[in-house]
>>> print(open('query.txt').read())   # compact mmCIF, C-alpha atoms
# COMPACT_ATOMS: atom_id res chain seq x y z
CA MET A 1 18.04 21.20 -21.47
CA SER A 2 15.49 23.19 -19.49
CA GLY A 3 18.06 24.60 -17.07
CA LEU A 4 16.79 22.38 -14.25
CA ALA A 5 19.97 20.33 -14.38
CA SER A 6 23.02 20.25 -16.63
CA SER A 7 23.90 17.13 -18.58
CA SER A 8 26.79 16.41 -16.23
CA SER A 9 25.09 17.01 -12.89
CA PRO A 10 22.90 14.37 -11.21
CA ARG A 11 19.19 14.89 -11.57
CA ARG A 12 17.51 14.60 -8.20
CA ILE A 13 13.95 13.53 -7.50
CA LEU A 14 12.19 13.72 -4.13
CA LEU A 15 10.14 10.59 -3.37
CA CYS A 16 7.61 11.36 -0.63
CA GLY A 17 5.72 8.65 1.20
CA TYR A 18 5.22 6.67 4.38
CA TYR A 19 8.60 5.03 3.95
CA GLY A 20 10.89 3.57 6.59
CA GLU A 21 8.00 3.13 9.05
CA HIS A 22 8.20 -0.69 9.12
CA ASN A 23 5.14 -1.12 6.93
CA LEU A 24 5.97 -3.65 4.25
CA GLY A 25 3.26 -2.34 1.92
CA ASP A 26 4.91 1.07 1.69
CA ASP A 27 8.31 -0.58 1.33
CA ALA A 28 6.94 -2.51 -1.65
CA LEU A 29 5.71 0.74 -3.21
CA LEU A 30 9.13 2.35 -2.73
CA GLU A 31 10.89 -0.63 -4.29
CA VAL A 32 8.65 -0.53 -7.37
CA LEU A 33 8.88 3.26 -7.69
CA SER A 34 12.68 3.30 -7.47
CA LYS A 35 12.93 0.63 -10.18
CA GLN A 36 10.68 2.66 -12.48
CA LEU A 37 12.98 5.69 -12.39
CA PRO A 38 14.96 6.17 -15.61
CA GLN A 39 18.74 6.04 -15.44
CA GLY A 40 20.37 9.27 -14.41
CA TRP A 41 17.88 10.16 -11.66
CA HIS A 42 19.09 10.11 -8.06
CA PRO A 43 16.27 9.60 -5.52
CA LEU A 44 16.02 11.59 -2.30
CA ILE A 45 13.59 9.63 -0.11
CA THR A 46 11.52 10.82 2.84
CA ALA A 47 11.77 8.13 5.52
CA HIS A 48 12.01 7.46 9.24
CA ASP A 49 14.27 4.41 9.45
CA PHE A 50 17.16 5.32 7.16
CA ASP A 51 18.79 1.87 7.30
CA ALA A 52 15.57 0.11 6.30
CA VAL A 53 15.22 2.34 3.25
CA HIS A 54 18.84 1.87 2.20
CA THR A 55 18.31 -1.90 2.03
CA ILE A 56 15.52 -1.23 -0.51
CA VAL A 57 17.16 1.59 -2.47
CA PRO A 58 20.94 1.42 -1.87
CA ARG A 59 21.62 4.27 -4.32
CA GLY A 60 19.17 6.68 -2.70
CA SER A 61 19.68 9.45 -0.17
CA VAL A 62 17.29 9.86 2.77
CA VAL A 63 15.67 12.82 4.50
CA ASN A 64 13.79 12.59 7.81
CA ARG A 65 10.09 12.42 6.88
CA ARG A 66 9.05 13.21 10.46
CA SER A 67 10.59 16.67 10.16
CA LEU A 68 8.45 18.70 7.75
CA LYS A 69 10.94 21.56 7.96
CA THR A 70 13.74 19.26 6.78
CA VAL A 71 11.63 17.83 3.97
CA LEU A 72 10.65 21.31 2.77
CA LYS A 73 14.30 22.39 2.73
CA SER A 74 15.15 19.38 0.58
CA ILE A 75 12.76 20.51 -2.17
CA LYS A 76 15.26 23.13 -3.38
CA LYS A 77 17.78 20.33 -4.02
CA VAL A 78 15.59 18.42 -6.49
CA GLN A 79 14.14 18.90 -9.96
CA VAL A 80 10.81 17.16 -9.34
CA VAL A 81 8.65 15.97 -6.42
CA VAL A 82 6.74 12.67 -6.45
CA LEU A 83 4.13 11.56 -3.92
CA GLY A 84 4.78 7.88 -4.26
CA GLY A 85 1.95 5.47 -3.64
CA GLY A 86 -0.49 4.79 -0.84
CA SER A 87 -3.34 6.96 0.45
CA LEU A 88 -1.34 10.01 1.48
CA LEU A 89 -4.18 12.49 0.96
CA GLN A 90 -6.70 11.40 3.59
CA ASP A 91 -7.91 12.66 6.94
CA SER A 92 -8.89 9.37 8.61
CA THR A 93 -5.46 8.97 10.22
CA SER A 94 -5.39 12.63 11.21
CA PHE A 95 -6.05 16.04 9.70
CA ARG A 96 -2.42 16.83 10.53
CA SER A 97 -1.23 14.10 8.14
CA LEU A 98 -3.26 15.61 5.30
CA ILE A 99 -1.91 19.11 6.00
CA TYR A 100 1.66 17.73 5.93
CA TYR A 101 1.30 16.63 2.31
CA ILE A 102 -0.70 19.69 1.26
CA ILE A 103 2.04 21.98 2.59
CA LEU A 104 4.64 19.89 0.78
CA ILE A 105 2.77 20.24 -2.53
CA VAL A 106 2.19 23.98 -2.05
CA VAL A 107 5.86 24.66 -1.29
CA ALA A 108 6.99 22.56 -4.27
CA ARG A 109 4.66 24.51 -6.55
CA PHE A 110 5.85 27.81 -5.07
CA LYS A 111 9.42 26.77 -5.89
CA ARG A 112 8.26 25.88 -9.41
CA LYS A 113 9.02 22.20 -9.03
CA PRO A 114 6.82 19.80 -11.03
CA VAL A 115 4.71 17.60 -8.73
CA LEU A 116 3.51 14.12 -9.71
CA LEU A 117 1.11 11.99 -7.68
CA TRP A 118 2.07 8.40 -8.52
CA GLY A 119 -0.09 5.36 -7.73
CA GLN A 120 -2.17 7.30 -5.23
CA GLY A 121 -5.41 6.47 -3.48
CA LEU A 122 -7.57 9.46 -2.53
CA GLY A 123 -9.47 9.68 0.74
CA PRO A 124 -11.27 9.18 2.95
CA LEU A 125 -11.83 12.94 3.15
CA ARG A 126 -14.41 13.25 5.91
CA HIS A 127 -14.30 16.99 6.45
CA SER A 128 -15.44 19.72 4.07
CA TRP A 129 -12.19 21.63 4.63
CA SER A 130 -10.21 18.56 3.61
CA ARG A 131 -12.12 18.24 0.36
CA TYR A 132 -11.78 21.95 -0.36
CA LEU A 133 -8.02 22.00 0.23
CA VAL A 134 -7.35 18.86 -1.80
CA GLY A 135 -9.41 20.13 -4.73
CA LEU A 136 -7.61 23.48 -4.61
CA VAL A 137 -4.08 22.11 -4.33
CA LEU A 138 -4.27 19.22 -6.79
CA ASN A 139 -5.40 21.46 -9.62
CA GLY A 140 -1.87 22.83 -9.68
CA VAL A 141 0.12 19.60 -9.89
CA THR A 142 1.68 18.31 -13.11
CA SER A 143 0.04 14.90 -13.36
CA ILE A 144 -1.73 12.26 -11.27
CA THR A 145 -2.03 8.50 -11.51
CA TRP A 146 -4.69 6.94 -9.29
CA ARG A 147 -4.64 3.29 -8.21
CA ASP A 148 -8.41 2.75 -8.31
CA ALA A 149 -11.49 4.11 -10.05
CA ALA A 150 -13.07 5.35 -6.81
CA SER A 151 -10.14 7.73 -6.25
CA MET A 152 -10.44 9.06 -9.79
CA GLN A 153 -14.18 9.59 -9.35
CA LEU A 154 -13.67 11.42 -6.04
CA ALA A 155 -11.05 13.64 -7.67
CA LYS A 156 -13.48 14.57 -10.43
CA ARG A 157 -16.20 15.34 -7.88
CA LEU A 158 -13.76 17.69 -6.16
CA GLY A 159 -13.36 19.56 -9.44
CA ILE A 160 -9.81 18.43 -10.17
CA THR A 161 -9.03 18.94 -13.87
CA THR A 162 -5.31 18.09 -13.80
CA SER A 163 -4.15 15.38 -16.23
CA MET A 164 -5.21 12.15 -14.50
CA THR A 165 -5.20 8.45 -15.27
CA VAL A 166 -6.16 5.33 -13.34
CA ALA A 167 -4.47 1.93 -13.26
CA PRO A 168 -4.15 -0.97 -10.79
CA ASP A 169 -1.84 -0.39 -7.82
CA PRO A 170 1.85 -0.19 -8.85
CA VAL A 171 2.76 -3.16 -6.61
CA TRP A 172 0.95 -5.42 -9.10
CA THR A 173 4.08 -5.05 -11.25
CA HIS A 174 6.19 -6.78 -8.62
CA PRO A 175 7.77 -9.96 -10.08
CA MET A 176 5.49 -12.98 -10.06
CA SER A 177 6.59 -16.19 -8.36
CA GLU A 178 5.46 -19.78 -8.77
CA HIS A 179 3.27 -21.01 -5.93
CA GLN A 180 4.32 -24.19 -4.12
CA GLY A 181 1.61 -24.41 -1.46
CA GLY A 182 1.14 -27.02 1.23
CA GLY A 183 2.08 -24.69 4.05
CA ASN A 184 0.22 -22.75 6.73
CA ILE A 185 -2.88 -20.63 6.59
CA VAL A 186 -1.52 -17.07 6.67
CA LEU A 187 -3.35 -14.13 8.24
CA CYS A 188 -2.27 -10.62 7.28
CA TRP A 189 -4.56 -8.88 9.72
CA ARG A 190 -4.49 -5.47 11.36
CA PRO A 191 -6.27 -3.74 14.24
CA THR A 192 -9.47 -2.03 13.14
CA ASN A 193 -12.33 -0.23 14.86
CA LEU A 194 -14.77 -1.74 12.38
CA LEU A 195 -14.82 -5.04 14.27
CA THR A 196 -16.61 -5.55 17.57
CA ALA A 197 -15.63 -8.30 19.98
CA SER A 198 -18.33 -10.54 18.52
CA ASP A 199 -17.07 -9.81 14.99
CA TRP A 200 -13.52 -10.79 15.94
CA SER A 201 -14.90 -13.90 17.59
CA LEU A 202 -16.73 -14.87 14.40
CA LEU A 203 -13.61 -14.47 12.27
CA LEU A 204 -11.47 -16.38 14.74
CA GLN A 205 -13.98 -19.23 14.95
CA GLY A 206 -13.84 -19.43 11.16
CA VAL A 207 -10.05 -19.62 11.12
CA ASP A 208 -10.09 -22.17 13.95
CA GLN A 209 -12.51 -24.44 12.11
CA LEU A 210 -10.61 -24.06 8.86
CA SER A 211 -7.38 -24.96 10.63
CA LYS A 212 -8.95 -28.05 12.18
CA THR A 213 -10.57 -29.16 8.91
CA THR A 214 -7.40 -28.80 6.85
CA GLY A 215 -4.87 -29.75 9.51
CA LYS A 216 -2.97 -26.53 8.79
CA SER A 217 -1.27 -24.34 11.36
CA VAL A 218 -1.83 -20.57 11.30
CA THR A 219 0.79 -17.89 10.73
CA TRP A 220 -0.07 -14.36 11.84
CA PHE A 221 2.13 -12.42 9.42
CA ALA A 222 2.69 -8.90 10.77
CA PHE A 223 2.95 -6.68 7.69
CA HIS A 224 3.14 -3.50 9.77
CA THR A 225 5.44 -4.34 12.66
CA HIS A 226 4.21 -1.69 15.10
CA GLN A 227 0.50 -2.21 14.47
CA ASP A 228 0.14 -5.92 13.74
CA ALA A 229 2.74 -7.78 15.80
CA SER A 230 0.76 -7.79 19.04
CA LEU A 231 -2.67 -8.48 17.51
CA LEU A 232 -2.85 -12.20 18.30
CA GLN A 233 -1.82 -11.63 21.91
CA ALA A 234 -4.21 -8.70 22.34
CA LEU A 235 -7.17 -10.71 21.02
CA ASN A 236 -6.22 -13.67 23.19
CA GLU A 237 -6.05 -11.50 26.32
CA LYS A 238 -9.64 -10.45 25.57
CA GLY A 239 -10.67 -14.09 25.52
CA LEU A 240 -11.58 -14.03 21.83
CA VAL A 241 -9.16 -16.61 20.43
CA PRO A 242 -10.25 -20.28 20.67
CA ASN A 243 -7.66 -22.19 22.67
CA THR A 244 -6.98 -24.67 19.87
CA LEU A 245 -6.31 -21.81 17.46
CA TYR A 246 -4.02 -20.03 19.90
CA LEU A 247 -1.96 -23.17 20.43
CA ASN A 248 -1.78 -23.70 16.68
CA SER A 249 -0.73 -20.11 15.88
CA GLN A 250 2.53 -18.24 15.61
CA THR A 251 3.29 -14.58 14.89
CA VAL A 252 5.94 -13.85 12.26
CA LEU A 253 7.29 -10.35 11.65
CA ALA A 254 7.65 -9.36 8.01
CA GLU A 255 11.34 -8.70 7.39
CA ASN A 256 11.29 -7.61 3.75
CA ILE A 257 9.49 -8.22 0.48
CA GLU A 258 11.49 -11.36 -0.31
CA HIS A 259 10.48 -12.77 3.07
CA ALA A 260 6.83 -12.06 2.28
CA GLN A 261 7.12 -13.80 -1.07
CA THR A 262 8.58 -16.87 0.61
CA ILE A 263 5.72 -16.95 3.12
CA PHE A 264 3.08 -16.53 0.42
CA LYS A 265 4.71 -18.98 -1.97
CA GLU A 266 4.41 -21.75 0.61
CA ALA A 267 1.01 -20.81 2.10
CA SER A 268 -2.11 -22.88 1.55
CA LEU A 269 -4.30 -19.80 1.89
CA VAL A 270 -3.78 -16.09 2.63
CA LEU A 271 -6.54 -14.13 4.38
CA ALA A 272 -5.51 -10.51 4.02
CA MET A 273 -6.75 -7.26 5.47
CA ARG A 274 -3.59 -5.44 4.39
CA LEU A 275 -3.87 -4.21 0.79
CA HIS A 276 -0.34 -4.94 -0.33
CA ALA A 277 -0.26 -8.26 1.47
CA LEU A 278 -3.24 -9.22 -0.67
CA ILE A 279 -1.54 -8.00 -3.85
CA LEU A 280 1.79 -9.73 -3.12
CA ALA A 281 0.01 -12.96 -2.15
CA ILE A 282 -1.91 -12.97 -5.42
CA ALA A 283 1.29 -12.13 -7.29
CA SER A 284 2.72 -15.28 -5.67
CA GLN A 285 -0.28 -17.10 -7.21
CA CYS A 286 -1.39 -18.16 -3.74
CA PRO A 287 -5.08 -18.82 -3.03
CA SER A 288 -6.12 -15.54 -1.42
CA ALA A 289 -9.21 -13.95 0.10
CA ALA A 290 -9.65 -10.38 1.31
CA LEU A 291 -11.19 -8.95 4.47
CA SER A 292 -11.97 -5.39 3.49
CA TYR A 293 -11.67 -2.68 6.16
CA ASP A 294 -11.32 -0.04 3.43
CA PRO A 295 -12.68 0.30 -0.13
CA LYS A 296 -9.13 0.02 -1.50
CA VAL A 297 -8.96 -3.62 -0.32
CA GLU A 298 -12.30 -4.45 -1.90
CA ALA A 299 -11.16 -2.76 -5.12
CA ALA A 300 -8.01 -4.89 -5.29
CA ALA A 301 -9.98 -8.08 -4.62
CA ARG A 302 -12.44 -7.19 -7.36
CA THR A 303 -9.60 -6.40 -9.75
CA ALA A 304 -8.05 -9.82 -9.15
CA ASP A 305 -11.42 -11.63 -9.01
CA VAL A 306 -10.74 -13.15 -5.58
CA PRO A 307 -13.34 -13.52 -2.79
CA TRP A 308 -13.72 -10.81 -0.18
CA VAL A 309 -15.91 -9.93 2.78
CA ASP A 310 -16.77 -6.47 4.08
CA LEU A 311 -15.70 -6.15 7.71
CA ALA A 312 -18.55 -3.69 8.27
CA GLU A 313 -21.05 -6.39 7.32
CA LEU A 314 -19.70 -9.88 7.99
CA PRO A 315 -21.53 -12.88 6.52
CA SER A 316 -22.49 -15.93 8.57
CA LEU A 317 -19.81 -18.35 9.71
CA GLU A 318 -21.07 -21.00 7.29
CA ILE A 319 -20.94 -18.71 4.25
CA MET A 320 -17.50 -17.42 5.17
CA LEU A 321 -16.07 -20.90 5.70
CA GLU A 322 -17.51 -22.16 2.43
CA SER A 323 -15.92 -19.25 0.58
CA TRP A 324 -12.51 -19.84 2.17
CA CYS A 325 -12.60 -23.58 1.52
CA GLN A 326 -13.45 -23.03 -2.15
CA CYS A 327 -10.71 -20.43 -2.38
CA MET A 328 -8.06 -22.90 -1.18
CA SER A 329 -8.57 -25.05 -4.25
CA ASN A 330 -8.76 -22.15 -6.71
CA PRO A 331 -5.48 -20.24 -7.07
CA PRO A 332 -5.54 -16.90 -8.93
CA SER A 333 -5.49 -17.04 -12.71
CA LYS A 334 -1.99 -16.51 -14.06
CA LEU A 335 -3.38 -15.10 -17.31
CA HIS A 336 -5.59 -12.61 -15.45
CA LEU A 337 -2.68 -11.62 -13.21
CA GLN A 338 -0.55 -10.89 -16.25
CA SER A 339 -3.28 -8.64 -17.62
CA ILE A 340 -3.42 -6.69 -14.34
CA ARG A 341 0.36 -6.28 -14.38
CA GLU A 342 0.31 -4.87 -17.91
CA GLN A 343 -2.34 -2.30 -16.94
CA SER A 344 -0.40 -1.36 -13.81
CA TYR A 345 2.62 -0.27 -15.87
CA GLU A 346 0.63 2.85 -16.77
CA HIS A 347 2.04 4.45 -13.59
CA GLN A 348 5.56 3.93 -14.96
CA ARG A 349 4.61 5.33 -18.37
CA VAL A 350 3.30 8.57 -16.84
CA LEU A 351 6.28 8.89 -14.47
CA ARG A 352 8.79 8.55 -17.28
CA SER A 353 6.83 10.89 -19.54
CA VAL A 354 6.93 13.62 -16.88
CA LEU A 355 10.66 13.13 -16.33
CA GLU A 356 11.43 13.07 -20.06
CA ASP A 357 9.62 16.41 -20.48
CA LEU A 358 12.03 17.94 -17.96
CA ASN A 359 14.98 17.05 -20.18
CA GLN A 360 13.66 18.76 -23.30
>>> encode(input="query.txt", output="structure tokens")
Amino acid sequence: MSGLASSSSPRRILLCGYYGEHNLGDDALLEVLSKQLPQGWHPLITAHDFDAVHTIVPRGSVVNRRSLKTVLKSIKKVQVVVLGGGSLLQDSTSFRSLIYYIILIVVARFKRKPVLLWGQGLGPLRHSWSRYLVGLVLNGVTSITWRDAASMQLAKRLGITTSMTVAPDPVWTHPMSEHQGGGNIVLCWRPTNLLTASDWSLLLQGVDQLSKTTGKSVTWFAFHTHQDASLLQALNEKGLVPNTLYLNSQTVLAENIEHAQTIFKEASLVLAMRLHALILAIASQCPSAALSYDPKVEAAARTADVPWVDLAELPSLEIMLESWCQCMSNPPSKLHLQSIREQSYEHQRVLRSVLEDLNQ
């Protein structure tokens, strides 16, 4: 043993992420990450809603992620620190968010704790200071697995020479389910500054016409409760939602991953802005199309070979409708999905390799 933990004491691992914030995508990442841990490791999880996290990882302990001081104190209790999935190192949400994770990494390194970035996306890093700090700090971590090639390329441009690998997002390894279909058109949409009022109107006209043509109702599936639940009502109050679409719509709050799988398994089509909604819908073998507000969504759509549109440059209504109609009769390839899943297990291989090295 290395002295980090005796054979009889529990080995503790700190899982850091945007957990317990009622965002089903991050919950899916946590579920996958916890299942990839080898036996004998006890997870300490940074989260806001403790109860929500305990339903995902009953055996884990929780530390308040909104208190950096508390999280930093918890580092001395663990043998290794993992930044688990998502785009944690970015400054588009706020520079403060980026500094939070940089401080966490620096303190872990100071305390001589191995640091692994698992299934991460990198960026956007809009400020020169952000790029400098990330390049400086990540050169001291143990290992990194990126979820897309663009993140790996950015890391190399920043001069990061740490051991790195790239593989599809870890949530691709979530169990596949057989698609039944016949149900609603499902929208996993989010607020975004990329879309003007006329852009929203174009998208909503497309959904309205698709609903009328197919005779399908529309489910607004709120993947992030706090951000997405009021979207339909907000757009309607601005006069952007066609009346027929509004009357034919309902908002459903995502309860958990099993709930999402049930929704996707029965859907006739999923139109997803949310990255992990897209991935879970495709994993349910549901006809799916992406609306990309961020390169990570486009990357996932390309990986799965499903249609996508760039929200910064919307096509005409006719082109968009034609794409969606074709998509409804072309579910994702099961063989291709299996290939993506196999590649995605690279994140697990690296995680377990790092943890095994600690036991030698």
>>> residues_near_point(input="query.txt", point="(21.0, 5.4, -5.4)", cutoff="12 Å", atoms="all atoms listed in the file", output="NGL selection string")
:A and (10-13 or 31 or 34-35 or 37-45 or 53-62)
>>> write_last_selection(input="query.txt", atoms="C-alpha atoms", output="tab-separated table (two decimals), in the frame of the given file")
chain	number	residue	atom	x	y	z
A	10	PRO	CA	22.90	14.37	-11.21
A	11	ARG	CA	19.19	14.89	-11.57
A	12	ARG	CA	17.51	14.60	-8.20
A	13	ILE	CA	13.95	13.53	-7.50
A	31	GLU	CA	10.89	-0.63	-4.29
A	34	SER	CA	12.68	3.30	-7.47
A	35	LYS	CA	12.93	0.63	-10.18
A	37	LEU	CA	12.98	5.69	-12.39
A	38	PRO	CA	14.96	6.17	-15.61
A	39	GLN	CA	18.74	6.04	-15.44
A	40	GLY	CA	20.37	9.27	-14.41
A	41	TRP	CA	17.88	10.16	-11.66
A	42	HIS	CA	19.09	10.11	-8.06
A	43	PRO	CA	16.27	9.60	-5.52
A	44	LEU	CA	16.02	11.59	-2.30
A	45	ILE	CA	13.59	9.63	-0.11
A	53	VAL	CA	15.22	2.34	3.25
A	54	HIS	CA	18.84	1.87	2.20
A	55	THR	CA	18.31	-1.90	2.03
A	56	ILE	CA	15.52	-1.23	-0.51
A	57	VAL	CA	17.16	1.59	-2.47
A	58	PRO	CA	20.94	1.42	-1.87
A	59	ARG	CA	21.62	4.27	-4.32
A	60	GLY	CA	19.17	6.68	-2.70
A	61	SER	CA	19.68	9.45	-0.17
A	62	VAL	CA	17.29	9.86	2.77
>>> residues_near_point(input="query.txt", point="(-9.8, 1.3, 1.5)", cutoff="9 Å", atoms="only C-alpha atoms", output="list in words")
Ser87, Gly121, Gly123, Pro124, Leu275, Ser292, Tyr293, Asp294, Pro295, Lys296, Val297, Glu298 and Ala299 of chain A
>>> residues_around(input="query.txt", residues="Leu321 of chain A", least_positions_apart="2", cutoff="10 Å", atoms="all atoms listed in the file", output="PyMOL selection string")
chain A and resi 203+205-207+209-210+315-319+323-327
>>> atom_distance(input="query.txt", atom1="atom CA of Val218 of chain A", atom2="atom CA of Gln250 of chain A")
6.6 Å
>>> atom_distance(input="query.txt", atom1="atom CA of Gly159 of chain A", atom2="atom CA of His127 of chain A")
16.1 Å
>>> atom_distance(input="query.txt", atom1="atom CA of His174 of chain A", atom2="atom CA of Val63 of chain A")
25.4 Å
>>> closest_residue(input="query.txt", among="A:Val137, A:Leu117, A:Ala222, A:Leu15", to="Val78 of chain A", atoms="only C-alpha atoms")
A:Leu15
>>> closest_residue(input="query.txt", among="A:Pro191, A:Gly25, A:Gly84, A:Pro114", to="Leu355 of chain A", atoms="all atoms listed in the file")
A:Pro114
>>> closest_residue(input="query.txt", among="A:Val141, A:Leu247, A:Leu195, A:Leu104", to="Ser211 of chain A", atoms="all atoms listed in the file")
A:Leu247
>>> residues_around(input="query.txt", residues="Asn23 of chain A", least_positions_apart="3", cutoff="7 Å", atoms="only C-alpha atoms", output="ChimeraX atom specification")
/A:26-27,223-225
>>> closest_residue(input="query.txt", among="A:Thr303, A:Ser201, A:Ser130, A:Thr251", to="Arg341 of chain A", atoms="all atoms listed in the file")
A:Thr303
>>> closest_residue(input="query.txt", among="A:Lys73, A:Cys188, A:Gly135, A:Thr173", to="Leu14 of chain A", atoms="all atoms listed in the file")
A:Lys73
>>> residues_around(input="query.txt", residues="Leu138 of chain A", least_positions_apart="2", cutoff="10 Å", atoms="all atoms listed in the file", output="PyMOL selection string")
chain A and resi 102+105-106+115-117+133-136+140-144+155+158-162
>>> closest_residue(input="query.txt", among="A:Ser284, A:Ser97, A:Thr70, A:Thr262", to="Lys334 of chain A", atoms="only C-alpha atoms")
A:Ser284
>>> residues_around(input="query.txt", residues="Trp189 of chain A", least_positions_apart="4", cutoff="12 Å", atoms="all atoms listed in the file", output="ChimeraX atom specification")
/A:195,200,203-204,219-225,227-232,235,251-252,270-278,289-293,311
>>> residues_around(input="query.txt", residues="Ile340 of chain A", least_positions_apart="2", cutoff="8 Å", atoms="only C-alpha atoms", output="MDAnalysis selection string")
chainID A and resid 168 172 303:304 336:338 342:344
>>> decode(input="query.txt", residues="segment 241-255 of chain A", atoms="N, CA, C and O atoms", output="PDB file, in the first residue's frame")
ATOM      1  N   VAL A 241     -45.724  31.974 -29.041  1.00  0.00           N
ATOM      2  CA  VAL A 241     -46.212  30.603 -29.210  1.00  0.00           C
ATOM      3  C   VAL A 241     -47.539  30.612 -29.959  1.00  0.00           C
ATOM      4  O   VAL A 241     -48.507  31.233 -29.495  1.00  0.00           O
ATOM      5  N   PRO A 242     -47.637  29.947 -31.117  1.00  0.00           N
ATOM      6  CA  PRO A 242     -48.930  29.848 -31.806  1.00  0.00           C
ATOM      7  C   PRO A 242     -49.980  29.274 -30.863  1.00  0.00           C
ATOM      8  O   PRO A 242     -49.679  28.362 -30.070  1.00  0.00           O
ATOM      9  N   ASN A 243     -51.188  29.780 -30.944  1.00  0.00           N
ATOM     10  CA  ASN A 243     -52.230  29.375 -30.009  1.00  0.00           C
ATOM     11  C   ASN A 243     -52.500  27.877 -30.058  1.00  0.00           C
ATOM     12  O   ASN A 243     -52.704  27.225 -29.029  1.00  0.00           O
ATOM     13  N   THR A 244     -52.501  27.318 -31.281  1.00  0.00           N
ATOM     14  CA  THR A 244     -52.761  25.876 -31.402  1.00  0.00           C
ATOM     15  C   THR A 244     -51.666  25.067 -30.718  1.00  0.00           C
ATOM     16  O   THR A 244     -51.941  24.034 -30.101  1.00  0.00           O
ATOM     17  N   LEU A 245     -50.428  25.535 -30.806  1.00  0.00           N
ATOM     18  CA  LEU A 245     -49.329  24.829 -30.143  1.00  0.00           C
ATOM     19  C   LEU A 245     -49.450  24.944 -28.630  1.00  0.00           C
ATOM     20  O   LEU A 245     -49.255  23.958 -27.908  1.00  0.00           O
ATOM     21  N   TYR A 246     -49.793  26.128 -28.156  1.00  0.00           N
ATOM     22  CA  TYR A 246     -49.918  26.321 -26.707  1.00  0.00           C
ATOM     23  C   TYR A 246     -51.002  25.409 -26.125  1.00  0.00           C
ATOM     24  O   TYR A 246     -50.811  24.785 -25.075  1.00  0.00           O
ATOM     25  N   LEU A 247     -52.117  25.321 -26.827  1.00  0.00           N
ATOM     26  CA  LEU A 247     -53.215  24.478 -26.343  1.00  0.00           C
ATOM     27  C   LEU A 247     -52.867  22.992 -26.420  1.00  0.00           C
ATOM     28  O   LEU A 247     -53.469  22.177 -25.708  1.00  0.00           O
ATOM     29  N   ASN A 248     -51.918  22.662 -27.271  1.00  0.00           N
ATOM     30  CA  ASN A 248     -51.550  21.260 -27.484  1.00  0.00           C
ATOM     31  C   ASN A 248     -50.271  20.884 -26.746  1.00  0.00           C
ATOM     32  O   ASN A 248     -49.683  19.842 -27.016  1.00  0.00           O
ATOM     33  N   SER A 249     -49.837  21.767 -25.812  1.00  0.00           N
ATOM     34  CA  SER A 249     -48.569  21.563 -25.108  1.00  0.00           C
ATOM     35  C   SER A 249     -48.783  21.343 -23.624  1.00  0.00           C
ATOM     36  O   SER A 249     -49.769  21.820 -23.038  1.00  0.00           O
ATOM     37  N   GLN A 250     -47.846  20.643 -23.020  1.00  0.00           N
ATOM     38  CA  GLN A 250     -47.800  20.525 -21.568  1.00  0.00           C
ATOM     39  C   GLN A 250     -46.339  20.498 -21.125  1.00  0.00           C
ATOM     40  O   GLN A 250     -45.477  19.983 -21.832  1.00  0.00           O
ATOM     41  N   THR A 251     -46.071  21.091 -19.961  1.00  0.00           N
ATOM     42  CA  THR A 251     -44.728  21.063 -19.390  1.00  0.00           C
ATOM     43  C   THR A 251     -44.647  19.940 -18.371  1.00  0.00           C
ATOM     44  O   THR A 251     -45.522  19.794 -17.518  1.00  0.00           O
ATOM     45  N   VAL A 252     -43.599  19.130 -18.474  1.00  0.00           N
ATOM     46  CA  VAL A 252     -43.365  18.025 -17.549  1.00  0.00           C
ATOM     47  C   VAL A 252     -41.988  18.206 -16.934  1.00  0.00           C
ATOM     48  O   VAL A 252     -40.999  18.408 -17.649  1.00  0.00           O
ATOM     49  N   LEU A 253     -41.909  18.162 -15.612  1.00  0.00           N
ATOM     50  CA  LEU A 253     -40.630  18.303 -14.921  1.00  0.00           C
ATOM     51  C   LEU A 253     -39.927  16.957 -14.849  1.00  0.00           C
ATOM     52  O   LEU A 253     -40.535  15.952 -14.456  1.00  0.00           O
ATOM     53  N   ALA A 254     -38.672  16.931 -15.220  1.00  0.00           N
ATOM     54  CA  ALA A 254     -37.891  15.696 -15.153  1.00  0.00           C
ATOM     55  C   ALA A 254     -37.664  15.316 -13.687  1.00  0.00           C
ATOM     56  O   ALA A 254     -37.124  16.101 -12.910  1.00  0.00           O
ATOM     57  N   GLU A 255     -38.099  14.123 -13.317  1.00  0.00           N
ATOM     58  CA  GLU A 255     -37.981  13.679 -11.928  1.00  0.00           C
ATOM     59  C   GLU A 255     -36.648  12.973 -11.678  1.00  0.00           C
ATOM     60  O   GLU A 255     -35.974  13.206 -10.681  1.00  0.00           O
TER      61      GLU A 255
END
